[in-house]
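Participant: Okay, so here is query_22.cif, and as you'll see once you scroll down, it has mmCIF, C-alpha atoms.
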```
data_protein
#
loop_
_atom_site.label_atom_id
_atom_site.label_comp_id
_atom_site.auth_asym_id
_atom_site.auth_seq_id
_atom_site.Cartn_x
_atom_site.Cartn_y
_atom_site.Cartn_z
CA MET A 1 30.18 -135.25 -33.06
CA MET A 2 27.92 -132.23 -32.79
CA GLU A 3 24.68 -131.59 -34.60
CA GLY A 4 23.42 -128.74 -36.75
CA GLY A 5 24.68 -125.29 -35.81
CA ALA A 6 26.65 -126.73 -32.90
CA ARG A 7 29.17 -128.45 -35.16
CA GLY A 8 32.69 -127.24 -34.57
CA ARG A 9 31.77 -124.60 -31.99
CA VAL A 10 33.35 -124.49 -28.56
CA PRO A 11 30.92 -123.54 -25.79
CA ARG A 12 31.78 -120.78 -23.39
CA GLN A 13 32.67 -121.58 -19.78
CA ILE A 14 33.11 -125.22 -20.65
CA GLY A 15 34.76 -127.56 -18.16
CA THR A 16 35.30 -126.81 -14.49
CA ALA A 17 34.35 -123.94 -12.25
CA THR A 18 36.39 -120.97 -11.10
CA ASN A 19 39.94 -121.80 -9.95
CA ASN A 20 39.50 -125.33 -11.31
CA GLN A 21 37.48 -126.43 -8.27
CA LYS A 22 35.05 -129.30 -8.44
CA LEU A 23 31.72 -128.67 -10.16
CA VAL A 24 28.76 -129.85 -8.11
CA THR A 25 26.46 -131.42 -10.70
CA ILE A 26 22.71 -131.60 -10.06
CA LEU A 27 19.79 -133.03 -12.03
CA SER A 28 16.25 -132.15 -10.94
CA ILE A 29 13.02 -133.58 -12.37
CA ASP A 30 9.51 -132.21 -11.73
CA GLY A 31 6.35 -134.13 -10.94
CA GLY A 32 3.54 -134.49 -13.48
CA GLY A 33 2.16 -138.03 -13.83
CA VAL A 34 2.20 -139.37 -17.39
CA ARG A 35 3.94 -136.15 -18.50
CA GLY A 36 7.08 -137.66 -17.03
CA ILE A 37 7.67 -139.01 -20.52
CA ILE A 38 8.77 -135.46 -21.47
CA PRO A 39 11.86 -135.36 -19.19
CA ALA A 40 12.44 -139.06 -19.91
CA THR A 41 12.73 -138.24 -23.62
CA ILE A 42 15.09 -135.33 -22.94
CA LEU A 43 17.25 -137.50 -20.69
CA ALA A 44 17.45 -140.15 -23.41
CA PHE A 45 18.86 -137.47 -25.72
CA LEU A 46 21.34 -136.30 -23.08
CA GLU A 47 22.50 -139.84 -22.37
CA SER A 48 23.02 -140.48 -26.09
CA ARG A 49 25.28 -137.40 -26.24
CA LEU A 50 27.27 -138.59 -23.25
CA GLN A 51 27.69 -141.97 -24.90
CA GLU A 52 29.06 -140.32 -28.03
CA LEU A 53 31.61 -138.55 -25.85
CA ASP A 54 32.53 -141.32 -23.41
CA GLY A 55 31.36 -144.64 -24.84
CA GLU A 56 28.23 -146.79 -24.91
CA GLN A 57 28.47 -147.65 -21.21
CA ALA A 58 27.98 -144.04 -20.13
CA ARG A 59 24.88 -143.49 -18.00
CA ILE A 60 23.21 -140.41 -16.52
CA ALA A 61 24.07 -141.49 -12.95
CA ASP A 62 27.80 -141.41 -13.79
CA TYR A 63 27.74 -137.63 -14.21
CA PHE A 64 25.56 -136.16 -11.48
CA ASP A 65 26.47 -135.79 -7.80
CA LEU A 66 22.79 -135.53 -6.95
CA ILE A 67 19.59 -136.46 -8.77
CA ALA A 68 16.36 -135.11 -7.31
CA GLY A 69 12.84 -135.99 -8.37
CA THR A 70 9.29 -135.40 -7.20
CA SER A 71 6.41 -137.82 -7.88
CA THR A 72 6.89 -139.08 -11.46
CA GLY A 73 10.30 -137.39 -11.29
CA GLY A 74 11.04 -139.55 -8.26
CA ILE A 75 10.28 -142.66 -10.30
CA ILE A 76 12.72 -141.51 -12.99
CA THR A 77 15.32 -140.69 -10.31
CA ALA A 78 15.08 -144.17 -8.85
CA MET A 79 15.26 -145.87 -12.25
CA LEU A 80 18.40 -143.91 -13.14
CA THR A 81 20.19 -144.72 -9.89
CA THR A 82 19.15 -148.24 -8.88
CA PRO A 83 22.11 -150.63 -9.29
CA ASN A 84 22.04 -153.99 -11.01
CA GLN A 85 24.13 -156.98 -9.98
CA ASN A 86 27.20 -155.42 -11.61
CA HIS A 87 26.70 -152.15 -9.72
CA ARG A 88 25.68 -150.34 -12.87
CA PRO A 89 22.35 -148.59 -13.52
CA LEU A 90 19.49 -151.07 -13.81
CA PHE A 91 17.80 -148.90 -16.45
CA THR A 92 19.00 -146.69 -19.27
CA ALA A 93 17.30 -143.38 -19.99
CA ARG A 94 15.75 -144.95 -23.07
CA ASP A 95 14.32 -147.75 -20.90
CA ILE A 96 12.44 -145.12 -18.90
CA LYS A 97 10.54 -143.97 -21.97
CA GLY A 98 9.49 -147.58 -22.49
CA PHE A 99 8.30 -147.72 -18.88
CA TYR A 100 5.81 -144.92 -19.52
CA TYR A 101 4.41 -146.60 -22.62
CA LYS A 102 4.13 -150.01 -20.99
CA GLU A 103 3.09 -149.25 -17.40
CA CYS A 104 1.12 -145.99 -17.40
CA PRO A 105 -1.90 -147.54 -19.16
CA LYS A 106 -2.04 -150.05 -16.29
CA ILE A 107 -1.34 -147.55 -13.49
CA PHE A 108 -4.10 -145.23 -14.75
CA SER A 109 -6.52 -147.87 -16.00
CA GLU A 110 -10.25 -148.36 -15.54
CA GLU A 111 -9.44 -151.52 -13.60
CA ALA A 112 -7.45 -149.41 -11.11
CA ARG A 113 -10.46 -147.23 -10.29
CA PRO A 114 -12.18 -148.07 -6.97
CA THR A 115 -15.54 -147.34 -8.65
CA LYS A 116 -14.96 -150.36 -10.89
CA HIS A 117 -15.43 -152.67 -7.92
CA ALA A 118 -17.92 -150.68 -5.82
CA THR A 119 -21.21 -151.07 -7.65
CA GLY A 120 -21.87 -154.67 -6.75
CA GLY A 121 -21.93 -154.04 -3.00
CA PHE A 122 -24.15 -150.95 -3.04
CA LYS A 123 -27.81 -151.48 -2.11
CA PHE A 124 -30.84 -149.44 -1.14
CA PRO A 125 -31.84 -151.17 2.13
CA TRP A 126 -35.56 -150.42 1.70
CA ILE A 127 -35.81 -152.16 -1.70
CA ASP A 128 -36.31 -155.90 -2.11
CA GLU A 129 -34.17 -156.78 -5.16
CA ALA A 130 -35.82 -160.21 -5.45
CA LYS A 131 -39.12 -158.64 -6.54
CA TRP A 132 -37.84 -157.00 -9.73
CA LYS A 133 -35.89 -160.12 -10.69
CA SER A 134 -39.14 -161.95 -11.26
CA THR A 135 -40.75 -162.18 -14.69
CA GLY A 136 -42.90 -159.45 -16.19
CA ILE A 137 -42.13 -156.49 -18.37
CA TRP A 138 -42.97 -153.96 -15.66
CA ASN A 139 -40.62 -155.60 -13.18
CA LYS A 140 -37.88 -155.65 -15.78
CA ILE A 141 -38.30 -151.90 -16.42
CA ILE A 142 -38.18 -151.22 -12.70
CA GLY A 143 -35.16 -153.49 -12.41
CA ALA A 144 -33.24 -151.76 -15.18
CA THR A 145 -33.97 -148.35 -13.67
CA TYR A 146 -32.91 -149.57 -10.25
CA VAL A 147 -29.63 -150.92 -11.58
CA SER A 148 -28.87 -147.60 -13.32
CA ILE A 149 -29.54 -145.61 -10.16
CA LYS A 150 -27.56 -148.11 -8.11
CA VAL A 151 -24.52 -147.84 -10.40
CA PHE A 152 -24.68 -144.04 -10.42
CA MET A 153 -24.98 -143.77 -6.62
CA ALA A 154 -22.13 -146.20 -6.11
CA TRP A 155 -19.96 -144.20 -8.52
CA LEU A 156 -20.88 -140.90 -6.85
CA LEU A 157 -20.18 -142.11 -3.31
CA THR A 158 -16.95 -143.77 -4.33
CA ALA A 159 -15.75 -140.69 -6.23
CA VAL A 160 -16.40 -138.53 -3.17
CA PHE A 161 -14.90 -140.81 -0.56
CA GLN A 162 -12.11 -142.60 -2.49
CA PRO A 163 -9.21 -141.54 -4.74
CA LYS A 164 -9.52 -141.80 -8.50
CA TYR A 165 -7.18 -144.84 -8.62
CA ASP A 166 -6.44 -147.45 -5.96
CA GLY A 167 -2.66 -147.30 -6.56
CA LYS A 168 -2.18 -151.06 -6.23
CA TYR A 169 -0.54 -151.58 -9.61
CA LEU A 170 1.69 -148.52 -9.13
CA HIS A 171 2.87 -149.86 -5.76
CA ASN A 172 3.48 -153.34 -7.10
CA ILE A 173 5.44 -152.31 -10.19
CA ILE A 174 7.70 -149.93 -8.23
CA LYS A 175 8.42 -152.55 -5.58
CA GLN A 176 9.08 -155.12 -8.28
CA MET A 177 11.49 -152.82 -10.17
CA LEU A 178 13.44 -151.49 -7.18
CA GLY A 179 13.43 -154.62 -5.04
CA GLN A 180 15.33 -154.28 -1.75
CA THR A 181 17.37 -151.27 -2.84
CA ARG A 182 17.61 -148.69 -0.05
CA LEU A 183 18.37 -145.00 -0.15
CA GLY A 184 21.97 -145.65 0.83
CA ASP A 185 22.45 -148.11 -2.05
CA THR A 186 21.86 -145.77 -4.99
CA LEU A 187 24.65 -145.27 -7.52
CA THR A 188 24.70 -141.53 -6.89
CA SER A 189 22.96 -139.42 -4.27
CA VAL A 190 19.21 -139.00 -4.64
CA PHE A 191 16.73 -136.59 -3.09
CA ILE A 192 12.99 -137.37 -3.09
CA PRO A 193 10.46 -135.12 -1.30
CA SER A 194 7.14 -136.16 0.18
CA PHE A 195 4.69 -134.68 2.71
CA ASP A 196 3.45 -136.12 6.01
CA ILE A 197 -0.28 -135.37 6.34
CA LYS A 198 -0.35 -136.36 10.03
CA LEU A 199 2.51 -134.12 11.12
CA LEU A 200 1.80 -131.53 8.38
CA ASN A 201 5.40 -131.11 7.39
CA PRO A 202 7.55 -132.03 4.38
CA ILE A 203 9.61 -135.21 4.50
CA PHE A 204 12.81 -135.44 2.49
CA PHE A 205 14.28 -138.83 1.62
CA SER A 206 17.94 -138.69 0.64
CA THR A 207 20.94 -140.92 0.16
CA SER A 208 23.05 -138.80 2.50
CA GLN A 209 20.53 -139.27 5.31
CA GLY A 210 20.30 -142.97 4.58
CA LYS A 211 24.05 -143.36 4.89
CA ARG A 212 24.31 -141.26 8.06
CA ASP A 213 21.35 -142.71 9.94
CA VAL A 214 20.28 -146.33 9.60
CA SER A 215 16.77 -145.44 10.82
CA LYS A 216 16.33 -143.20 7.74
CA ASN A 217 17.78 -145.68 5.28
CA VAL A 218 14.33 -146.70 4.04
CA LEU A 219 13.54 -148.78 1.00
CA LEU A 220 13.86 -146.70 -2.17
CA SER A 221 10.48 -148.08 -3.28
CA ASP A 222 8.79 -146.67 -0.16
CA ALA A 223 10.28 -143.23 -0.80
CA VAL A 224 9.20 -143.28 -4.46
CA ILE A 225 5.65 -144.51 -3.76
CA SER A 226 5.27 -141.86 -1.06
CA SER A 227 6.36 -139.10 -3.40
CA SER A 228 3.93 -140.37 -6.06
CA ALA A 229 0.81 -140.49 -3.88
CA ALA A 230 -0.86 -137.53 -5.58
CA PRO A 231 -3.96 -136.27 -3.74
CA TYR A 232 -7.19 -137.02 -5.61
CA TYR A 233 -5.43 -139.51 -7.88
CA PHE A 234 -3.95 -142.00 -5.37
CA PRO A 235 -4.45 -142.80 -1.67
CA PRO A 236 -1.89 -141.65 0.91
CA TYR A 237 0.93 -144.12 1.48
CA CYS A 238 1.73 -145.39 4.96
CA PHE A 239 4.72 -147.44 6.03
CA GLU A 240 6.89 -148.02 9.08
CA ALA A 241 10.67 -147.84 9.34
CA SER A 242 12.68 -148.19 12.56
CA SER A 243 9.60 -147.78 14.78
CA ARG A 244 8.50 -144.63 12.93
CA LYS A 245 5.25 -144.54 11.02
CA TYR A 246 4.97 -142.35 7.93
CA ASN A 247 1.65 -141.04 6.56
CA LEU A 248 2.66 -139.54 3.25
CA VAL A 249 1.35 -137.95 0.09
CA ASP A 250 2.85 -136.63 -3.14
CA GLY A 251 6.03 -134.58 -2.81
CA GLY A 252 4.46 -132.04 -5.16
CA VAL A 253 2.52 -130.72 -2.16
CA ALA A 254 5.86 -129.41 -0.86
CA ALA A 255 8.04 -129.11 -3.95
CA ASN A 256 6.77 -130.15 -7.36
CA ASN A 257 9.94 -128.58 -8.77
CA PRO A 258 12.61 -129.81 -6.32
CA THR A 259 15.55 -127.89 -7.83
CA LEU A 260 15.97 -125.39 -5.02
CA LEU A 261 15.83 -128.12 -2.39
CA ALA A 262 18.28 -130.17 -4.44
CA ILE A 263 20.80 -127.31 -4.37
CA ARG A 264 20.34 -127.05 -0.62
CA GLU A 265 20.90 -130.80 -0.25
CA ALA A 266 24.04 -130.68 -2.44
CA THR A 267 25.35 -127.79 -0.37
CA LYS A 268 24.92 -129.82 2.81
CA MET A 269 26.59 -132.81 1.16
CA ASN A 270 29.61 -130.61 0.51
CA GLY A 271 29.86 -129.52 4.13
CA ASP A 272 27.93 -126.22 4.11
CA GLN A 273 24.86 -126.39 6.31
CA ASP A 274 23.38 -123.04 5.29
CA LEU A 275 22.18 -122.15 1.81
CA SER A 276 23.04 -118.48 1.48
CA PHE A 277 24.04 -115.86 -1.03
CA SER A 278 27.66 -116.34 0.00
CA ILE A 279 27.74 -119.60 -1.98
CA ASP A 280 29.84 -119.49 -5.13
CA TYR A 281 27.19 -120.60 -7.61
CA SER A 282 29.79 -120.83 -10.35
CA GLY A 283 30.68 -124.15 -8.72
CA TYR A 284 27.21 -125.59 -9.42
CA LEU A 285 26.05 -127.06 -12.70
CA VAL A 286 22.27 -127.58 -12.59
CA LEU A 287 19.88 -129.16 -15.08
CA SER A 288 16.19 -128.76 -14.20
CA LEU A 289 13.58 -130.61 -16.28
CA GLY A 290 9.88 -129.79 -16.23
CA THR A 291 7.01 -132.02 -17.30
CA GLY A 292 5.11 -129.34 -19.20
CA ALA A 293 2.37 -126.94 -18.14
CA GLY A 294 -0.81 -125.65 -19.75
CA LYS A 295 -0.24 -121.98 -18.92
CA ARG A 296 -1.48 -120.74 -22.28
CA ASP A 297 -4.63 -122.86 -22.19
CA GLY A 298 -5.78 -122.63 -18.60
CA HIS A 299 -9.16 -122.48 -16.93
CA GLU A 300 -11.58 -119.72 -17.87
CA VAL A 301 -13.90 -118.54 -15.13
CA GLN A 302 -17.55 -118.73 -16.13
CA GLY A 303 -19.70 -116.64 -13.80
CA SER A 304 -18.79 -114.74 -10.66
CA SER A 305 -17.27 -117.60 -8.67
CA TRP A 306 -16.40 -121.27 -8.60
CA GLY A 307 -17.77 -123.85 -6.23
CA LEU A 308 -15.96 -126.87 -4.84
CA LEU A 309 -16.81 -129.00 -7.88
CA ASP A 310 -15.38 -126.39 -10.27
CA TRP A 311 -12.05 -126.32 -8.44
CA PHE A 312 -11.63 -130.08 -8.68
CA THR A 313 -13.29 -130.88 -12.01
CA ASN A 314 -13.03 -128.72 -15.11
CA LYS A 315 -12.64 -130.18 -18.61
CA GLY A 316 -11.27 -133.40 -17.15
CA THR A 317 -8.61 -131.73 -14.97
CA ALA A 318 -8.32 -130.54 -11.37
CA PRO A 319 -7.79 -126.74 -11.58
CA LEU A 320 -6.85 -126.32 -7.92
CA LEU A 321 -4.00 -128.81 -8.26
CA ASP A 322 -2.89 -127.32 -11.58
CA ILE A 323 -2.75 -123.81 -10.13
CA PHE A 324 -1.10 -124.96 -6.91
CA PHE A 325 1.72 -126.89 -8.57
CA THR A 326 2.29 -124.40 -11.39
CA ALA A 327 2.57 -121.46 -8.99
CA MET A 328 5.19 -123.27 -6.89
CA ASP A 329 7.15 -124.28 -9.99
CA ASP A 330 7.21 -120.70 -11.23
CA MET A 331 8.46 -119.31 -7.92
CA VAL A 332 11.36 -121.78 -7.84
CA GLN A 333 12.21 -120.96 -11.46
CA ILE A 334 12.13 -117.20 -10.83
CA TYR A 335 14.24 -117.46 -7.69
CA LEU A 336 16.92 -119.65 -9.25
CA SER A 337 17.09 -117.61 -12.44
CA PHE A 338 17.71 -114.45 -10.43
CA ILE A 339 20.31 -116.21 -8.26
CA PHE A 340 22.37 -117.57 -11.14
CA GLN A 341 22.05 -114.41 -13.21
CA GLY A 342 22.98 -112.30 -10.18
CA HIS A 343 26.11 -114.37 -9.62
CA HIS A 344 27.12 -114.02 -13.28
CA CYS A 345 26.94 -117.74 -13.98
CA ARG A 346 23.68 -118.00 -15.93
CA SER A 347 25.08 -120.76 -18.14
CA ASN A 348 25.43 -123.00 -15.06
CA TYR A 349 21.65 -123.31 -14.74
CA LEU A 350 19.53 -124.81 -17.51
CA ARG A 351 15.76 -125.14 -17.13
CA ILE A 352 13.89 -126.96 -19.90
CA GLN A 353 10.11 -126.63 -19.75
CA ASP A 354 7.20 -126.34 -22.17
CA GLU A 355 4.51 -123.99 -20.88
CA ASN A 356 2.22 -124.17 -23.90
CA LEU A 357 0.43 -127.49 -23.42
CA THR A 358 -3.28 -127.67 -24.10
CA ILE A 359 -5.54 -128.82 -21.30
CA ASP A 360 -5.71 -132.29 -22.88
CA GLU A 361 -1.91 -132.50 -23.16
CA ALA A 362 -1.46 -131.27 -19.58
CA SER A 363 -3.51 -134.16 -18.16
CA THR A 364 -1.82 -136.04 -15.34
CA ASP A 365 -3.43 -139.40 -16.05
CA ASP A 366 -4.34 -139.64 -19.74
CA SER A 367 -2.35 -142.77 -20.52
CA SER A 368 -3.77 -143.44 -23.96
CA LEU A 369 -1.23 -144.31 -26.66
CA LYS A 370 -2.27 -141.19 -28.54
CA CYS A 371 -1.52 -138.94 -25.56
CA LEU A 372 1.82 -140.60 -24.73
CA MET A 373 2.98 -140.34 -28.33
CA ARG A 374 1.91 -136.70 -28.40
CA LEU A 375 3.88 -135.99 -25.21
CA GLU A 376 6.98 -137.63 -26.65
CA LYS A 377 6.58 -135.52 -29.77
CA ILE A 378 6.27 -132.41 -27.60
CA ALA A 379 9.54 -133.34 -25.88
CA ASN A 380 11.35 -133.75 -29.20
CA GLU A 381 9.93 -130.46 -30.45
CA LEU A 382 11.02 -128.83 -27.18
CA LEU A 383 14.63 -129.70 -28.01
CA ASP A 384 14.42 -127.47 -31.07
CA LYS A 385 12.84 -124.56 -29.20
CA PRO A 386 14.94 -121.68 -27.82
CA VAL A 387 16.31 -121.70 -24.29
CA LEU A 388 14.07 -119.62 -22.02
CA ILE A 389 15.31 -117.32 -19.27
CA THR A 390 13.38 -115.30 -16.71
CA ASN A 391 12.91 -111.58 -17.35
CA SER A 392 14.15 -109.84 -14.19
CA GLU A 393 11.39 -107.22 -14.40
CA THR A 394 8.32 -109.20 -15.35
CA GLY A 395 9.22 -112.63 -13.97
CA LEU A 396 8.10 -114.18 -17.26
CA LEU A 397 10.10 -116.62 -19.36
CA GLU A 398 11.55 -115.21 -22.57
CA PRO A 399 13.83 -116.67 -25.29
CA LEU A 400 17.53 -116.32 -24.60
CA PRO A 401 19.03 -113.66 -26.92
CA GLY A 402 20.83 -115.28 -29.82
CA GLY A 403 18.28 -118.03 -30.37
CA ARG A 404 20.26 -120.90 -28.82
CA THR A 405 18.08 -124.02 -28.71
CA ASN A 406 17.57 -126.47 -25.87
CA LYS A 407 19.26 -129.13 -28.00
CA TYR A 408 22.44 -127.11 -28.35
CA ALA A 409 22.31 -126.17 -24.66
CA LEU A 410 22.13 -129.90 -23.79
CA ILE A 411 25.04 -130.62 -26.10
CA GLU A 412 27.05 -127.99 -24.22
CA PHE A 413 25.84 -129.43 -20.93
CA ALA A 414 26.94 -132.94 -21.95
CA GLN A 415 30.41 -131.61 -22.83
CA ARG A 416 30.75 -129.94 -19.45
CA LEU A 417 29.61 -133.08 -17.64
CA SER A 418 32.07 -135.19 -19.63
CA MET A 419 34.99 -132.87 -18.97
CA GLU A 420 34.19 -132.70 -15.26
CA ARG A 421 34.06 -136.49 -15.04
CA ARG A 422 37.38 -136.79 -16.87
CA ARG A 423 38.92 -134.22 -14.54
CA ARG A 424 37.79 -136.21 -11.51
CA ASN A 425 39.07 -139.49 -12.93
CA LYS A 426 42.43 -137.89 -13.65
CA THR A 427 42.61 -136.46 -10.13
CA ALA A 428 41.76 -139.83 -8.61
CA VAL A 429 44.62 -141.59 -10.39
#
```
Would you write out, as structure tokens, the structure that this file holds?

Facilitator:
Amino acid sequence: MMEGGARGRVPRQIGTATNNQKLVTILSIDGGGVRGIIPATILAFLESRLQELDGEQARIADYFDLIAGTSTGGIITAMLTTPNQNHRPLFTARDIKGFYYKECPKIFSEEARPTKHATGGFKFPWIDEAKWKSTGIWNKIIGATYVSIKVFMAWLLTAVFQPKYDGKYLHNIIKQMLGQTRLGDTLTSVFIPSFDIKLLNPIFFSTSQGKRDVSKNVLLSDAVISSSAAPYYFPPYCFEASSRKYNLVDGGVAANNPTLLAIREATKMNGDQDLSFSIDYSGYLVLSLGTGAGKRDGHEVQGSSWGLLDWFTNKGTAPLLDIFFTAMDDMVQIYLSFIFQGHHCRSNYLRIQDENLTIDEASTDDSSLKCLMRLEKIANELLDKPVLITNSETGLLEPLPGGRTNKYALIEFAQRLSMERRRRNKTAV
């Protein structure tokens, strides 16, 4: 069944690629902390459409050759592809939405802040605390003032020298969910980027590497935690595998939008080592999901310049990180839009992203129920917004002529995924 204006219409270019060759199907999910609930909501809609086409047991992992995710997108990737005892996905797309509501308030909680535990151990060595603990109103006033200063100094020093959250709950819940699953065990191929701060180079964890080289077949939980170790928010993540020590931070440092790298990885999986313009992009079917950006409500410069504090703290956000990640995301989007449009297969690439979040909505770590519900609402509203494409002259996103919505585009996408899966099953018989 199709909804609204999609009812009864047959999408163009539906089914397989040119000359009936196999379609390489790719799902890519951006980083963005709690905003991961946006792609999770969209994926729940896509999975429901696939279930209407192919039955209630249909899962996202059944339809994609490769699923790539950075940071929070890496968590979603792992949840979609981790097998249960029956070798089926451990989580449905709808389960992932529940994960954000249940676990984010604990991952980004006051209890997870190092400052919560630092005040008790901080002391001014030249002050005898026993004196102001004695009786007398004056001593009590001095004592109260001392405690206030002590708490503030402990908070200040901790904020400067430690990350915003200790990451312990995040590590524990990911390890608990994914267990002993390794990269080579996933139900379909995965690709999860991270960055080694000792070697100063990107690290890419993938199923294909895990299957080719036992030394790179690391625990999926280690790959996901590494990709989620966002600078400022969480500490770097270190682990050893096959005598190699990794010192890693958030994959968003290298590729917050991993779509381009995912295409490269899929190309290598299919036997082509070089990603070049000679590739027939009509053989690729790519869905790229963003986590929202506050491009229309950014950071206004007050005065002639910003100092270090301004770049890392402005209205509760970190402007330097916002600018850094958003710029990289835009460059990937522009490049891929031009590639697919230039190869006359624009409908093979679908990017769904909301660039109109307010600064409050664009927060990485606001895990309040109000914020999470607002983000889910934004995702549902995004389904009814028009598909955006990149203007080849300005590089800006504009509505696709004809007013086709993201919902209808996903319905078309689900049909193409279903038909490709049926074609493969028929060929395998």

Participant: Applying 9 Å and all atoms listed in the file, which residues near region 64-73 of chain A remain after dropping the ones on its own chain fewer than 4 positions away? List them as a short mmCIF file (atom, residue, chain, number, x, y, z; two decimals) with C-alpha atoms, in the frame of the given file.

Facilitator:
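Saved result, result.cif, follows:
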```
data_model
loop_
_atom_site.label_atom_id
_atom_site.label_comp_id
_atom_site.auth_asym_id
_atom_site.auth_seq_id
_atom_site.Cartn_x
_atom_site.Cartn_y
_atom_site.Cartn_z
CA VAL A 24 28.76 -129.85 -8.11
CA THR A 25 26.46 -131.42 -10.70
CA ILE A 26 22.71 -131.60 -10.06
CA LEU A 27 19.79 -133.03 -12.03
CA SER A 28 16.25 -132.15 -10.94
CA ILE A 29 13.02 -133.58 -12.37
CA ASP A 30 9.51 -132.21 -11.73
CA GLY A 31 6.35 -134.13 -10.94
CA GLY A 32 3.54 -134.49 -13.48
CA GLY A 33 2.16 -138.03 -13.83
CA VAL A 34 2.20 -139.37 -17.39
CA ARG A 35 3.94 -136.15 -18.50
CA GLY A 36 7.08 -137.66 -17.03
CA PRO A 39 11.86 -135.36 -19.19
CA ILE A 60 23.21 -140.41 -16.52
CA THR A 77 15.32 -140.69 -10.31
CA ALA A 78 15.08 -144.17 -8.85
CA LEU A 80 18.40 -143.91 -13.14
CA THR A 81 20.19 -144.72 -9.89
CA THR A 188 24.70 -141.53 -6.89
CA SER A 189 22.96 -139.42 -4.27
CA VAL A 190 19.21 -139.00 -4.64
CA PHE A 191 16.73 -136.59 -3.09
CA ILE A 192 12.99 -137.37 -3.09
CA PRO A 193 10.46 -135.12 -1.30
CA SER A 194 7.14 -136.16 0.18
CA SER A 206 17.94 -138.69 0.64
CA VAL A 224 9.20 -143.28 -4.46
CA ILE A 225 5.65 -144.51 -3.76
CA SER A 226 5.27 -141.86 -1.06
CA SER A 227 6.36 -139.10 -3.40
CA SER A 228 3.93 -140.37 -6.06
CA ALA A 229 0.81 -140.49 -3.88
CA ALA A 230 -0.86 -137.53 -5.58
CA ASP A 250 2.85 -136.63 -3.14
CA GLY A 251 6.03 -134.58 -2.81
CA GLY A 252 4.46 -132.04 -5.16
CA ALA A 255 8.04 -129.11 -3.95
CA ASN A 256 6.77 -130.15 -7.36
CA ASN A 257 9.94 -128.58 -8.77
CA PRO A 258 12.61 -129.81 -6.32
CA THR A 259 15.55 -127.89 -7.83
CA LEU A 261 15.83 -128.12 -2.39
CA ALA A 262 18.28 -130.17 -4.44
CA ILE A 263 20.80 -127.31 -4.37
CA GLU A 265 20.90 -130.80 -0.25
CA ALA A 266 24.04 -130.68 -2.44
CA THR A 291 7.01 -132.02 -17.30
CA LEU A 417 29.61 -133.08 -17.64
#
```

Participant: Counting only C-alpha atoms, what is within 10 Å of Glu398 (chain A), bar same-chain residues fewer than 5 positions away, as a PyMOL selection string?

Facilitator: chain A and resi 386-391

Participant: Using only C-alpha atoms, please write the residues we just selected to a file, as an mmCIF file, in the frame of the given file.

Facilitator:
```
data_model
loop_
_atom_site.group_PDB
_atom_site.id
_atom_site.type_symbol
_atom_site.label_atom_id
_atom_site.label_comp_id
_atom_site.auth_asym_id
_atom_site.auth_seq_id
_atom_site.Cartn_x
_atom_site.Cartn_y
_atom_site.Cartn_z
ATOM 1 C CA PRO A 386 14.940 -121.680 -27.820
ATOM 2 C CA VAL A 387 16.310 -121.700 -24.290
ATOM 3 C CA LEU A 388 14.070 -119.620 -22.020
ATOM 4 C CA ILE A 389 15.310 -117.320 -19.270
ATOM 5 C CA THR A 390 13.380 -115.300 -16.710
ATOM 6 C CA ASN A 391 12.910 -111.580 -17.350
#
```

Participant: Edge lengths and centre in Å to one decimal, as AutoDock Vina command-line options, of the axis-aligned box that encloses all listed atoms of region 245-251 of chain A with 3 Å added on every side?

Facilitator:
```
--center_x 3.7 --center_y -139.6 --center_z 3.9 --size_x 10.7 --size_y 16.0 --size_z 20.2
```

Participant: Tell me, in Å to one decimal, how far CA of Leu285 (chain A) is from CA of Asn348 (chain A).

Facilitator: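 Calculated distance between CA of Leu285 (chain A) and CA of Asn348 (chain A) is 4.7 Å.
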
Participant: Can you list, as a PyMOL selection string, the residues that the PyMOL selection byres ((chain A and resi 98) around 12) selects here?

Facilitator: chain A and resi 36-37+40-41+44+76+79+91-97+99-105+369+372-373+376

Participant: Provide the CA of Leu170 (chain A) to CA of Pro202 (chain A) distance in Å, to one decimal place.

Facilitator: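 These two atoms are separated by 22.1 Å.
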
Participant: CA of Asn201 (chain A) and CA of Arg244 (chain A), how far apart in Å?

Facilitator: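 If I compute the distance from CA of Arg244 (chain A) to CA of Asn201 (chain A), I get 14.9 Å.
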